[in-house]
Amino acid sequence: MGFATHLGPWLLGTVKNTTGTTSGTIRNMGATTVSQSANVVFGTLTGTAFVLPAGAQITDIKIVTTTVFSAATTAKLSIGAVDFTTTGTITSVGGISLTANATTPALFLNVGSTDAIVTYTLAGTALTTGAATIIITYSVRNSDGAANPTATQN
């Protein structure tokens, strides 16, 4: 199977525009959900994971550890140069979820009007082992955060 590239938000549903007030006549289209991931290892504790498209609405952030780090390791993500998440501590193989911190919940709803670079920082004492994958799931939307076209747009 090959890869296909599509630009812009994809909307799925059966009713594009509201024409009435009953089920089947009210717009039911929604933006598709996608994800990006990046592998990190104990030797590279800071770096760029990937870039989220402008207007993206984040629905989930996970760090899945596949090889336990040799010491407790904290994980922090920054999106668009803003420390975005509460810090999660990795102590074993498995997954942890990260959430928006108290000052940035709006970024969960819209990462901004330009593409947002996602960087990570892992901190542990004298790490000699460890591997994890950062996964962010999000809805693709217009750069202004709109997920619905106007009635006159296709």
# chains A, B, ... in the order shown; residues from 1 in each chain; ligands from 1
call {"tool": "residues_around", "arguments": {"residues": "stretch 41-55 of chain A", "least_positions_apart": "4", "cutoff": "7 Å", "atoms": "only C-alpha atoms", "output": "PyMOL selection string"}}
result
chain A and resi 110-123+127-132+141-145
call {"tool": "write_last_selection", "arguments": {"atoms": "C-alpha atoms", "output": "PDB file, in the first residue's frame"}}
result
ATOM      1  CA  ASN A 110      -6.274  25.822  18.081  1.00  0.00           C
ATOM      2  CA  VAL A 111      -2.468  25.660  17.768  1.00  0.00           C
ATOM      3  CA  GLY A 112      -2.479  29.036  16.011  1.00  0.00           C
ATOM      4  CA  SER A 113      -2.691  30.683  12.631  1.00  0.00           C
ATOM      5  CA  THR A 114       0.685  29.324  11.459  1.00  0.00           C
ATOM      6  CA  ASP A 115       2.171  25.833  11.520  1.00  0.00           C
ATOM      7  CA  ALA A 116       3.401  24.912  15.016  1.00  0.00           C
ATOM      8  CA  ILE A 117       6.700  23.111  15.607  1.00  0.00           C
ATOM      9  CA  VAL A 118       6.473  20.443  18.327  1.00  0.00           C
ATOM     10  CA  THR A 119       9.633  20.032  20.397  1.00  0.00           C
ATOM     11  CA  TYR A 120      10.323  17.711  23.303  1.00  0.00           C
ATOM     12  CA  THR A 121      12.542  17.639  26.356  1.00  0.00           C
ATOM     13  CA  LEU A 122      13.211  14.437  28.271  1.00  0.00           C
ATOM     14  CA  ALA A 123      15.109  14.758  31.537  1.00  0.00           C
ATOM     15  CA  LEU A 127      20.381   7.779  31.140  1.00  0.00           C
ATOM     16  CA  THR A 128      21.891   4.739  29.450  1.00  0.00           C
ATOM     17  CA  THR A 129      18.720   3.094  28.109  1.00  0.00           C
ATOM     18  CA  GLY A 130      15.227   4.101  27.089  1.00  0.00           C
ATOM     19  CA  ALA A 131      13.009   4.547  24.050  1.00  0.00           C
ATOM     20  CA  ALA A 132       9.563   6.043  23.565  1.00  0.00           C
ATOM     21  CA  ARG A 141      -8.882  22.564  10.360  1.00  0.00           C
ATOM     22  CA  ASN A 142      -8.371  25.814   8.477  1.00  0.00           C
ATOM     23  CA  SER A 143      -5.609  28.103   9.711  1.00  0.00           C
ATOM     24  CA  ASP A 144      -8.242  30.303  11.375  1.00  0.00           C
ATOM     25  CA  GLY A 145      -9.513  27.263  13.291  1.00  0.00           C
TER      26      GLY A 145
END
call {"tool": "residues_around", "arguments": {"residues": "A:His6", "least_positions_apart": "2", "cutoff": "12 Å", "atoms": "only C-alpha atoms", "output": "PyMOL selection string"}}
result
chain A and resi 3-4+8-10+32+34+140
call {"tool": "select_by_dssp", "arguments": {"residues": "stretch 33-149 of chain A", "states": "strand (DSSP E)", "output": "PyMOL selection string"}}
result
chain A and resi 33-41+46-52+57-67+73-79+82-83+88-90+94-97+116-123+131-139
call {"tool": "residues_around", "arguments": {"residues": "A:Thr99", "least_positions_apart": "6", "cutoff": "12 Å", "atoms": "only C-alpha atoms", "output": "PyMOL selection string"}}
result
chain A and resi 58-63+75-78+83-88+105-108+136
call {"tool": "write_last_selection", "arguments": {"atoms": "N, CA and C atoms", "output": "tab-separated table (two decimals), in the first residue's frame"}}
result
chain	number	residue	atom	x	y	z
A	58	ILE	N	-6.00	19.80	18.97
A	58	ILE	CA	-5.43	18.59	19.56
A	58	ILE	C	-6.48	17.85	20.37
A	59	THR	N	-6.56	16.54	20.15
A	59	THR	CA	-7.51	15.72	20.90
A	59	THR	C	-6.82	14.78	21.88
A	60	ASP	N	-5.53	14.48	21.67
A	60	ASP	CA	-4.85	13.54	22.55
A	60	ASP	C	-3.34	13.65	22.38
A	61	ILE	N	-2.63	13.56	23.50
A	61	ILE	CA	-1.16	13.51	23.48
A	61	ILE	C	-0.74	12.34	24.36
A	62	LYS	N	0.04	11.43	23.79
A	62	LYS	CA	0.54	10.28	24.55
A	62	LYS	C	2.04	10.12	24.32
A	63	ILE	N	2.69	9.58	25.33
A	63	ILE	CA	4.06	9.12	25.18
A	63	ILE	C	4.04	7.65	25.56
A	75	ALA	N	8.97	14.19	30.92
A	75	ALA	CA	8.74	14.52	29.53
A	75	ALA	C	7.92	15.80	29.45
A	76	LYS	N	8.38	16.72	28.61
A	76	LYS	CA	7.66	17.98	28.39
A	76	LYS	C	7.63	18.24	26.90
A	77	LEU	N	6.46	18.70	26.41
A	77	LEU	CA	6.34	19.09	25.02
A	77	LEU	C	6.12	20.59	24.93
A	78	SER	N	6.68	21.19	23.90
A	78	SER	CA	6.44	22.59	23.59
A	78	SER	C	5.88	22.65	22.18
A	83	ASP	N	5.74	26.24	26.20
A	83	ASP	CA	5.66	25.02	26.99
A	83	ASP	C	4.20	24.66	27.11
A	84	PHE	N	3.83	23.56	26.50
A	84	PHE	CA	2.44	23.27	26.23
A	84	PHE	C	1.80	22.31	27.22
A	85	THR	N	2.55	21.35	27.69
A	85	THR	CA	1.94	20.29	28.47
A	85	THR	C	2.44	20.28	29.91
A	86	THR	N	1.62	19.67	30.75
A	86	THR	CA	2.11	19.35	32.07
A	86	THR	C	3.19	18.30	31.89
A	87	THR	N	4.10	18.23	32.80
A	87	THR	CA	5.18	17.27	32.68
A	87	THR	C	4.69	15.90	33.11
A	88	GLY	N	5.00	14.89	32.32
A	88	GLY	CA	4.70	13.51	32.67
A	88	GLY	C	5.98	12.83	33.09
A	105	PRO	N	-4.59	26.20	27.77
A	105	PRO	CA	-5.66	25.34	27.25
A	105	PRO	C	-6.19	25.76	25.89
A	106	ALA	N	-6.10	27.04	25.55
A	106	ALA	CA	-6.59	27.50	24.25
A	106	ALA	C	-5.79	26.87	23.11
A	107	LEU	N	-4.51	26.57	23.34
A	107	LEU	CA	-3.70	25.94	22.29
A	107	LEU	C	-4.18	24.53	21.97
A	108	PHE	N	-4.84	23.85	22.91
A	108	PHE	CA	-5.43	22.55	22.62
A	108	PHE	C	-6.53	22.71	21.58
A	136	ILE	N	0.72	12.61	18.84
A	136	ILE	CA	-0.30	13.65	18.99
A	136	ILE	C	-1.39	13.40	17.96
call {"tool": "atom_distance", "arguments": {"atom1": "atom CA of A:Thr91", "atom2": "atom CA of A:Thr65"}}
result
9.1 Å
call {"tool": "atom_distance", "arguments": {"atom1": "atom CA of A:Val93", "atom2": "atom CA of A:Val40"}}
result
13.8 Å
